[in-house]
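Q: Next comes the structure file work25.txt, holding compact mmCIF, C-alpha atoms (C1' of nucleotides).
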```txt
# COMPACT_ATOMS: atom_id res chain seq x y z
CA MET Z 60 10.78 -5.63 17.36
CA PRO Z 61 8.34 -2.87 16.92
CA GLU Z 62 6.05 -2.23 14.01
CA LEU Z 63 3.60 0.61 13.48
CA PRO Z 64 1.29 -0.09 16.46
CA GLU Z 65 4.21 -0.36 18.87
CA VAL Z 66 6.04 2.66 17.50
CA GLU Z 67 2.87 4.74 17.51
CA THR Z 68 2.25 3.73 21.12
CA VAL Z 69 5.76 4.94 21.94
CA ARG Z 70 5.16 8.16 19.98
CA ARG Z 71 2.10 8.92 22.07
CA GLY Z 72 4.12 8.29 25.19
CA LEU Z 73 6.82 10.68 24.03
CA ASP Z 74 4.21 13.26 23.18
CA ALA Z 75 3.08 13.17 26.80
CA ALA Z 76 6.49 12.74 28.44
CA ALA Z 77 8.89 14.87 26.41
CA VAL Z 78 7.13 17.51 24.33
CA GLY Z 79 7.38 21.02 25.73
CA ARG Z 80 10.32 20.19 27.97
CA ILE Z 81 13.70 21.94 27.87
CA ILE Z 82 16.67 19.57 27.58
CA ARG Z 83 19.14 20.28 30.37
CA ALA Z 84 21.65 17.46 29.82
CA VAL Z 85 22.22 14.47 27.58
CA GLU Z 86 24.38 11.44 28.31
CA VAL Z 87 25.35 8.89 25.67
CA PHE Z 88 26.73 5.48 26.66
CA GLY Z 89 28.91 3.95 23.99
CA THR Z 90 29.12 4.99 20.37
CA ARG Z 91 26.92 2.51 18.56
CA THR Z 92 23.54 4.05 19.30
CA VAL Z 93 24.60 7.37 17.77
CA ARG Z 94 26.53 5.77 14.86
CA ARG Z 95 24.39 7.62 12.33
CA GLN Z 96 25.11 10.98 13.98
CA HIS Z 97 27.23 13.31 11.89
CA GLY Z 98 29.97 14.46 14.26
CA GLY Z 99 29.41 11.67 16.75
CA ALA Z 100 28.23 11.84 20.35
CA ALA Z 101 29.71 15.28 20.98
CA GLU Z 102 27.67 16.87 18.21
CA PHE Z 103 24.63 14.87 19.24
CA VAL Z 104 24.77 16.33 22.73
CA SER Z 105 25.61 19.86 21.67
CA ARG Z 106 22.70 20.07 19.24
CA LEU Z 107 20.25 18.95 21.94
CA VAL Z 108 21.25 20.69 25.15
CA GLY Z 109 19.23 23.84 25.76
CA ARG Z 110 16.66 22.99 23.10
CA THR Z 111 12.99 22.15 23.62
CA PHE Z 112 11.11 19.22 22.11
CA THR Z 113 8.18 20.75 20.24
CA ALA Z 114 6.40 17.64 18.92
CA ALA Z 115 6.61 13.86 18.56
CA ARG Z 116 6.13 12.58 15.04
CA ARG Z 117 6.31 9.26 13.25
CA ARG Z 118 6.90 8.07 9.71
CA GLY Z 119 6.51 4.30 9.41
CA LYS Z 120 8.68 2.89 12.17
CA TYR Z 121 10.80 6.05 12.49
CA LEU Z 122 10.19 8.62 15.19
CA TRP Z 123 11.36 12.19 15.24
CA LEU Z 124 11.02 14.97 17.74
CA PRO Z 125 11.40 18.44 16.23
CA LEU Z 126 13.29 20.96 18.35
CA ASP Z 127 12.76 24.69 18.70
CA ASP Z 128 15.27 25.30 15.91
CA ASP Z 129 15.57 23.56 12.54
CA ASP Z 130 16.79 20.28 14.02
CA ALA Z 131 14.98 17.17 15.13
CA LEU Z 132 15.93 14.18 17.23
CA VAL Z 133 15.43 11.15 14.99
CA ALA Z 134 14.98 7.73 16.56
CA HIS Z 135 14.55 4.19 15.32
CA LEU Z 136 13.87 1.41 17.81
CA GLY Z 137 15.37 -1.33 15.65
CA MET Z 138 14.55 -4.70 17.17
CA SER Z 139 14.86 -3.89 20.84
CA GLY Z 140 15.03 -0.14 21.41
CA GLN Z 141 12.78 1.45 23.99
CA PHE Z 142 12.17 4.87 25.44
CA ARG Z 143 11.41 4.83 29.13
CA VAL Z 144 10.35 7.50 31.54
CA SER Z 145 12.57 7.23 34.57
CA THR Z 146 12.11 8.90 37.93
CA VAL Z 147 14.85 6.88 39.58
CA ASP Z 148 17.99 5.10 38.45
CA THR Z 149 16.99 2.76 35.72
CA PRO Z 150 16.68 -0.93 36.61
CA ASP Z 151 18.06 -1.95 33.22
CA VAL Z 152 21.51 -0.38 33.38
CA ALA Z 153 23.09 -3.01 31.14
CA HIS Z 154 21.31 -1.73 28.05
CA LEU Z 155 20.99 1.94 28.84
CA ARG Z 156 22.27 3.81 25.77
CA ALA Z 157 21.24 7.41 26.36
CA ARG Z 158 19.66 9.56 29.02
CA PHE Z 159 17.95 12.93 28.65
CA ALA Z 160 17.50 15.19 31.67
CA PHE Z 161 15.20 18.21 31.56
CA ALA Z 162 15.20 21.67 33.04
CA ASP Z 163 11.99 20.94 34.92
CA SER Z 164 13.83 17.95 36.42
CA PRO Z 165 12.55 14.46 36.81
CA PRO Z 166 11.45 12.33 35.21
CA ASP Z 167 14.33 11.73 32.82
CA LEU Z 168 13.86 10.08 29.46
CA CYS Z 169 16.01 6.99 28.88
CA PHE Z 170 16.78 5.05 25.73
CA HIS Z 171 17.49 1.34 26.24
CA ASP Z 172 18.49 -1.09 23.52
CA GLN Z 173 19.59 -4.66 24.01
CA ARG Z 174 20.57 -5.56 20.45
CA THR Z 175 21.63 -2.06 19.39
CA PHE Z 176 19.94 -2.14 16.01
CA GLY Z 177 18.18 1.00 17.13
CA GLY Z 178 19.67 4.44 16.79
CA LEU Z 179 19.45 8.11 17.68
CA TYR Z 180 20.73 11.15 15.82
CA VAL Z 181 19.98 14.80 15.25
CA ASP Z 182 19.15 15.78 11.70
CA ASP Z 183 18.19 19.01 9.99
CA THR Z 184 14.55 19.51 9.24
CA GLY Z 185 12.71 22.53 8.10
CA PRO Z 186 9.52 23.51 9.95
CA GLY Z 187 6.99 20.73 9.52
CA ALA Z 188 9.23 18.80 7.16
CA VAL Z 189 10.44 15.24 7.33
CA PRO Z 190 14.14 14.79 8.13
CA ALA Z 191 16.10 14.13 4.94
CA THR Z 192 17.41 10.81 6.24
CA ILE Z 193 13.91 9.34 6.37
CA ALA Z 194 12.49 10.93 3.25
CA HIS Z 195 12.70 7.56 1.47
CA ILE Z 196 10.16 6.02 3.86
CA ALA Z 197 6.68 5.85 2.36
CA LEU Z 198 3.53 6.93 4.14
CA ASP Z 199 1.82 4.29 6.26
CA PRO Z 200 -1.61 2.80 5.48
CA LEU Z 201 -3.27 4.64 8.36
CA ASP Z 202 -2.17 8.02 7.01
CA PRO Z 203 -5.11 9.81 5.36
CA ALA Z 204 -2.75 10.86 2.58
CA PHE Z 205 -1.69 7.27 1.82
CA ASP Z 206 -2.37 6.72 -1.89
CA ARG Z 207 -3.74 3.23 -2.32
CA GLY Z 208 -4.01 3.57 -6.08
CA ALA Z 209 -0.35 4.49 -6.37
CA PHE Z 210 0.55 1.58 -4.12
CA ALA Z 211 -1.45 -0.82 -6.31
CA ALA Z 212 0.31 0.57 -9.37
CA SER Z 213 3.73 0.02 -7.83
CA LEU Z 214 2.77 -3.59 -7.04
CA ARG Z 215 1.87 -4.13 -10.67
CA GLY Z 216 5.20 -2.70 -11.78
CA ARG Z 217 7.25 -5.13 -9.75
CA ARG Z 218 8.07 -8.78 -10.00
CA THR Z 219 8.12 -9.73 -6.36
CA GLY Z 220 6.02 -11.51 -3.76
CA ILE Z 221 3.24 -9.66 -1.98
CA LYS Z 222 4.79 -10.07 1.45
CA ARG Z 223 8.14 -8.76 0.26
CA ALA Z 224 6.29 -5.72 -1.05
CA LEU Z 225 4.43 -5.22 2.24
CA LEU Z 226 7.76 -5.25 4.07
CA ASP Z 227 9.37 -2.76 1.67
CA GLN Z 228 9.25 0.47 3.65
CA SER Z 229 9.74 2.56 0.53
CA LEU Z 230 6.40 1.31 -0.87
CA VAL Z 231 4.31 1.29 2.30
CA SER Z 232 5.64 1.80 5.79
CA GLY Z 233 4.96 0.54 9.26
CA ILE Z 234 4.33 -3.12 8.41
CA GLY Z 235 6.74 -5.75 9.72
CA ASN Z 236 6.80 -9.52 9.97
CA ILE Z 237 3.96 -9.89 12.47
CA TYR Z 238 1.35 -7.69 10.87
CA ALA Z 239 2.25 -8.75 7.32
CA ASP Z 240 1.47 -12.34 8.26
CA GLU Z 241 -1.69 -11.37 10.13
CA ALA Z 242 -3.03 -9.21 7.29
CA LEU Z 243 -2.27 -11.89 4.68
CA TRP Z 244 -4.14 -14.46 6.78
CA ARG Z 245 -7.11 -12.14 7.15
CA ALA Z 246 -7.12 -11.51 3.40
CA ARG Z 247 -6.60 -15.22 2.62
CA LEU Z 248 -3.51 -14.56 0.51
CA HIS Z 249 -0.31 -16.60 0.34
CA TYR Z 250 2.82 -14.53 0.95
CA ALA Z 251 4.38 -15.58 -2.37
CA ARG Z 252 1.51 -14.41 -4.53
CA GLY Z 253 3.05 -12.32 -7.28
CA SER Z 254 2.58 -8.60 -6.67
CA ASP Z 255 2.13 -8.14 -10.41
CA ALA Z 256 -0.56 -10.83 -10.66
CA LEU Z 257 -2.89 -9.70 -7.88
CA ARG Z 258 -6.30 -8.46 -8.88
CA ARG Z 259 -7.22 -4.99 -7.78
CA ALA Z 260 -9.93 -6.49 -5.55
CA ASP Z 261 -7.28 -8.61 -3.81
CA VAL Z 262 -5.16 -5.53 -3.18
CA GLU Z 263 -8.17 -3.64 -1.83
CA ARG Z 264 -9.10 -6.48 0.49
CA LEU Z 265 -5.52 -6.88 1.64
CA MET Z 266 -5.10 -3.21 2.42
CA ASP Z 267 -8.44 -3.14 4.23
CA GLU Z 268 -7.12 -5.95 6.41
CA VAL Z 269 -3.77 -4.24 6.90
CA VAL Z 270 -5.59 -1.17 8.17
CA ALA Z 271 -7.83 -3.31 10.36
CA VAL Z 272 -5.07 -5.30 12.02
CA LEU Z 273 -2.89 -2.23 12.60
CA THR Z 274 -5.85 -0.39 14.09
CA ASP Z 275 -6.80 -3.32 16.32
CA ALA Z 276 -3.22 -3.74 17.50
CA LEU Z 277 -2.81 -0.04 18.19
CA ARG Z 278 -5.95 -0.11 20.30
CA ALA Z 279 -4.36 -2.93 22.32
CA GLY Z 280 -1.14 -0.98 22.79
CA GLY Z 281 0.80 -3.27 20.43
CA THR Z 282 2.22 -6.78 20.71
CA SER Z 283 4.61 -7.70 23.55
CA PHE Z 284 6.15 -11.16 23.39
CA ASP Z 285 8.60 -10.29 26.15
CA ALA Z 286 10.13 -7.32 27.92
CA LEU Z 287 11.74 -6.03 24.73
CA TYR Z 288 8.69 -4.05 23.78
CA VAL Z 289 6.99 -1.89 26.36
CA SER Z 290 5.52 1.60 26.36
CA VAL Z 291 7.42 4.58 27.79
CA ASN Z 292 5.76 3.75 31.10
CA GLY Z 293 6.87 0.13 30.98
CA GLU Z 294 3.47 -1.32 30.07
CA SER Z 295 3.13 -4.29 27.76
CA GLY Z 296 0.78 -4.36 24.80
CA TRP Z 297 -1.77 -7.15 24.82
CA PHE Z 298 -2.37 -7.81 21.13
CA GLU Z 299 -0.44 -11.10 21.26
CA ARG Z 300 -3.58 -12.88 22.37
CA SER Z 301 -5.28 -11.68 19.18
CA LEU Z 302 -2.65 -13.01 16.79
CA GLU Z 303 -4.11 -15.60 14.44
CA VAL Z 304 -1.00 -17.05 12.80
CA TYR Z 305 2.21 -15.33 13.92
CA GLY Z 306 4.02 -17.56 16.41
CA ARG Z 307 1.22 -20.11 16.28
CA GLU Z 308 2.92 -22.97 14.46
CA GLY Z 309 0.98 -26.20 14.80
CA GLU Z 310 -2.09 -24.59 16.31
CA PRO Z 311 -5.42 -24.86 14.49
CA CYS Z 312 -6.53 -22.05 12.20
CA SER Z 313 -9.47 -20.33 13.84
CA ARG Z 314 -11.35 -20.33 10.51
CA CYS Z 315 -10.81 -23.84 9.18
CA GLY Z 316 -8.94 -25.85 11.79
CA ALA Z 317 -5.89 -26.66 9.65
CA ALA Z 318 -2.56 -26.57 11.48
CA ILE Z 319 -0.71 -23.27 11.06
CA ARG Z 320 2.63 -23.64 9.31
CA ARG Z 321 5.89 -21.85 9.83
CA GLU Z 322 8.12 -21.60 6.76
CA PRO Z 323 11.52 -20.00 6.14
CA PHE Z 324 11.20 -16.62 4.47
CA MET Z 325 13.82 -13.92 3.93
CA ASN Z 326 16.08 -15.29 6.69
CA ARG Z 327 13.20 -15.33 9.15
CA SER Z 328 9.80 -17.01 9.21
CA SER Z 329 6.39 -16.74 7.68
CA TYR Z 330 3.28 -18.18 9.29
CA ARG Z 331 0.22 -19.11 7.29
CA CYS Z 332 -2.79 -21.37 7.17
CA PRO Z 333 -2.16 -24.01 4.47
CA ARG Z 334 -5.84 -24.23 3.63
CA CYS Z 335 -6.96 -20.57 3.76
CA GLN Z 336 -3.74 -19.37 2.12
CA PRO Z 337 -2.84 -22.00 -0.46
CA GLN Z 338 0.41 -21.84 -2.37
CA PRO Z 339 0.03 -20.14 -5.76
CA ARG Z 340 0.72 -22.09 -8.92
CA ALA Z 341 4.34 -21.95 -9.97
CA GLY Z 342 3.91 -19.34 -12.67
CA ALA Z 343 2.16 -16.88 -10.35
CA ALA Z 344 4.50 -17.26 -7.39
CA ARG Z 345 7.22 -14.77 -6.52
CA TRP Z 346 9.31 -15.92 -3.61
C1' DC U 276 15.99 1.03 -11.31
C1' DT U 277 14.94 -3.67 -9.12
C1' DA U 278 15.97 -7.84 -6.46
C1' DT U 279 18.60 -10.51 -3.24
C1' DG U 280 21.58 -11.67 0.52
C1' DA U 281 24.93 -10.50 4.05
C1' DA U 282 25.97 -7.68 7.89
C1' DC U 283 25.06 -5.39 12.09
C1' DC U 284 24.16 -7.15 17.75
C1' DT U 285 22.63 -9.56 22.25
C1' DG U 286 20.18 -12.97 24.68
C1' DA U 287 16.93 -16.89 25.24
C1' DC U 288 16.18 -21.47 24.41
C1' DA U 289 16.62 -26.40 22.78
C1' DG U 290 19.46 -30.25 22.33
C1' DC U 291 23.49 -32.86 23.29
C1' DT E 7 27.14 -27.49 33.78
C1' DG E 8 28.35 -25.84 29.49
C1' DC E 9 28.86 -25.98 24.72
C1' DT E 10 26.67 -25.32 19.96
C1' DG E 11 23.23 -24.06 16.93
C1' DT E 12 18.89 -21.60 16.07
C1' DC E 13 15.92 -17.92 16.40
C1' DA E 14 13.99 -13.09 17.37
C1' DG E 15 9.47 -7.35 16.29
C1' DG E 16 14.53 -4.21 11.41
C1' DT E 17 17.34 -1.47 8.22
C1' DT E 18 21.28 -0.63 5.34
C1' DC E 19 24.69 -1.63 2.15
C1' DA E 20 26.96 -4.24 -1.48
C1' DT E 21 26.42 -7.09 -5.25
C1' DA E 22 24.06 -8.98 -9.40
```
Here is the file; what I need is its structure written in the form of C-alpha cells.

A:
Amino acid sequence: MPELPEVETVRRGLDAAAVGRIIRAVEVFGTRTVRRQHGGAAEFVSRLVGRTFTAARRRGKYLWLPLDDDDALVAHLGMSGQFRVSTVDTPDVAHLRARFAFADSPPDLCFHDQRTFGGLYVDDTGPGAVPATIAHIALDPLDPAFDRGAFAASLRGRRTGIKRALLDQSLVSGIGNIYADEALWRARLHYARGSDALRRADVERLMDEVVAVLTDALRAGGTSFDALYVSVNGESGWFERSLEVYGREGEPCSRCGAAIRREPFMNRSSYRCPRCQPQPRAGAARW
DNA sequence: CTATGAACCTGACAGC
DNA sequence: TGCTGTCAGGTTCATA
C-alpha cells in the first residue's frame, strides 16, 4: 500500500500521538506481525513496557520510534498496515494486530493490518543511528543528503530498466508502483528504458519529477484508493484525484489525449501513455 | 555482486 | 448464490 507520502503522513501522526508517552502495556494478537522479532512476542512486549517513545523517524517506507534506551520500535506497513489512534474499542477488530497503552492513558495506539505483510519489532539502535535491520535501505529523494550523482552512477553501472531501479529500495527509497509510474509519465520516459542508457539530463529530469510528485502527494496527505490507507486519525489522503496514469487505464492522457495503457510488469502493472512514453528500441530496452 | 521470480496474506471484484 | 480466477500501495529469500 503505502509509499513515501503515505508513510511520512503516518510518521507525522505518530510524532504527534506517541512521542513523549510512556508505554504502560502492549498486547500482540497472533504471531505473524512480530515474525521478525528476535525472541517473539514476549521479548517484543518486555522491551517496550516502561519505555518512552522519544521520536518518530522514517527511512524510505520504514518507520522507527527510538526509545529512551538503545532500542527502537521498527515498523513497516507492508501493503495494508495502519497505525490508528484509538480512544475507544477499535471498530476494526478483525485486523487488529497490536495495541499500545500509555501511562497517561487514552488514547491507545493500535496497529491494524489486513494482509499481514506489515510488521513490528524492536531492534537495537545507537543514539541517532538507523536500526541495523534497515541499514540496507537507501536515502529517499526528499532527503537533503540524497546523492543524486551517486544514484546516476549506480544506474549507469546496472543493466536493468529504469522503473526496476526506481523500485529498488537499496538504490533510492520511498518510491513504489504508483509514484514510479507518475514520475515516469511526468518525465516522459518509458519504464523499460535501460538504466545504463539514460542521458544524465534524463536522470535529472526524472528525479526532479520524482521529487515533485512525492512532494505534491505528501501535501495531499497521500493516496487513498480505499480504507486500507488512512492517517493515524483515520483520514484519507486525496492525491488520487491528481494521478495522471496510475489506475487510469483507457482514460485519455491529459497531455496528448492518447488512451492510457496498463501492461504487466513484475507481477503487477505499469501504466503509461503510449504516445508520451514510447517503447524504447529493442537494444535500449531493459525489461 | 546483479537480476529474476516465487513466496508471504486477505479481501474485493468480475465472470460464469 | 457461490465458485473460480484476477488483482491490489511491498519486501525478502532462494536461485541462476

Q: In Å, with one decimal, what is the gap from CA of Arg223 in chain Z to CA of Gly177 in chain Z?

A: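 That distance, rounded to one decimal, is 21.9 Å.
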
Q: For range 16-18 of chain E, find every residue with an atom within 9 Å (counting all atoms listed in the file), except residues of its own chain fewer than 3 positions away, and show them as a list in words.

A: Met60, Pro61, Leu136, Gly137, Met138, Phe176, Gly177 and Gly235 of chain Z; DA282 of chain U

Q: With only C-alpha atoms (C1' of nucleotides) considered, list every residue of chain Z at most 12 Å from chain E, as an NGL selection string.

A: :Z and (60-66 or 95 or 119-121 or 135-140 or 174-178 or 193 or 196 or 226-229 or 233-239 or 281-289 or 299 or 305-306 or 323 or 326-328)

Q: Using only C-alpha atoms (C1' of nucleotides) and a cut-off of 8 Å, which residues of chain U sit close to chain Z? Please list them as a PDB file with C-alpha atoms (C1' of nucleotides), in the coordinates of the input.

A:
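What follows is the written file out.pdb:
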```pdb
ATOM      1  C1'  DT U 277      14.940  -3.670  -9.120  1.00  0.00           C
ATOM      2  C1'  DC U 283      25.060  -5.390  12.090  1.00  0.00           C
ATOM      3  C1'  DC U 284      24.160  -7.150  17.750  1.00  0.00           C
ATOM      4  C1'  DT U 285      22.630  -9.560  22.250  1.00  0.00           C
TER       5       DT U 285
END
```

Q: Name the closest residue to Ala100 in chain Z among the candidates Z:Ala157, Z:Cys332, Z:Ala224, Z:Val147; distances are taken between atoms, counting all atoms listed in the file.

A: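 Closest candidate: Z:Ala157.
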
Q: From the set Z:Ala115, Z:Leu155, Z:Val231, Z:Leu107, which residue has the shortest atom-to-atom contact distance to Val181 in chain Z, counting all atoms listed in the file?

A: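 Closest candidate: Z:Leu107.
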
Q: Would you kindly identify which residues have an atom no farther than 12 Å from (-8.2, 4.3, 6.4), using all atoms listed in the file and the file's own coordinates, and write them out as a PyMOL selection string?

A: chain Z and resi 199-207+263+266-274

Q: By how many Å are CA of Val189 in chain Z and CA of Thr111 in chain Z apart?

A: 17.9 Å
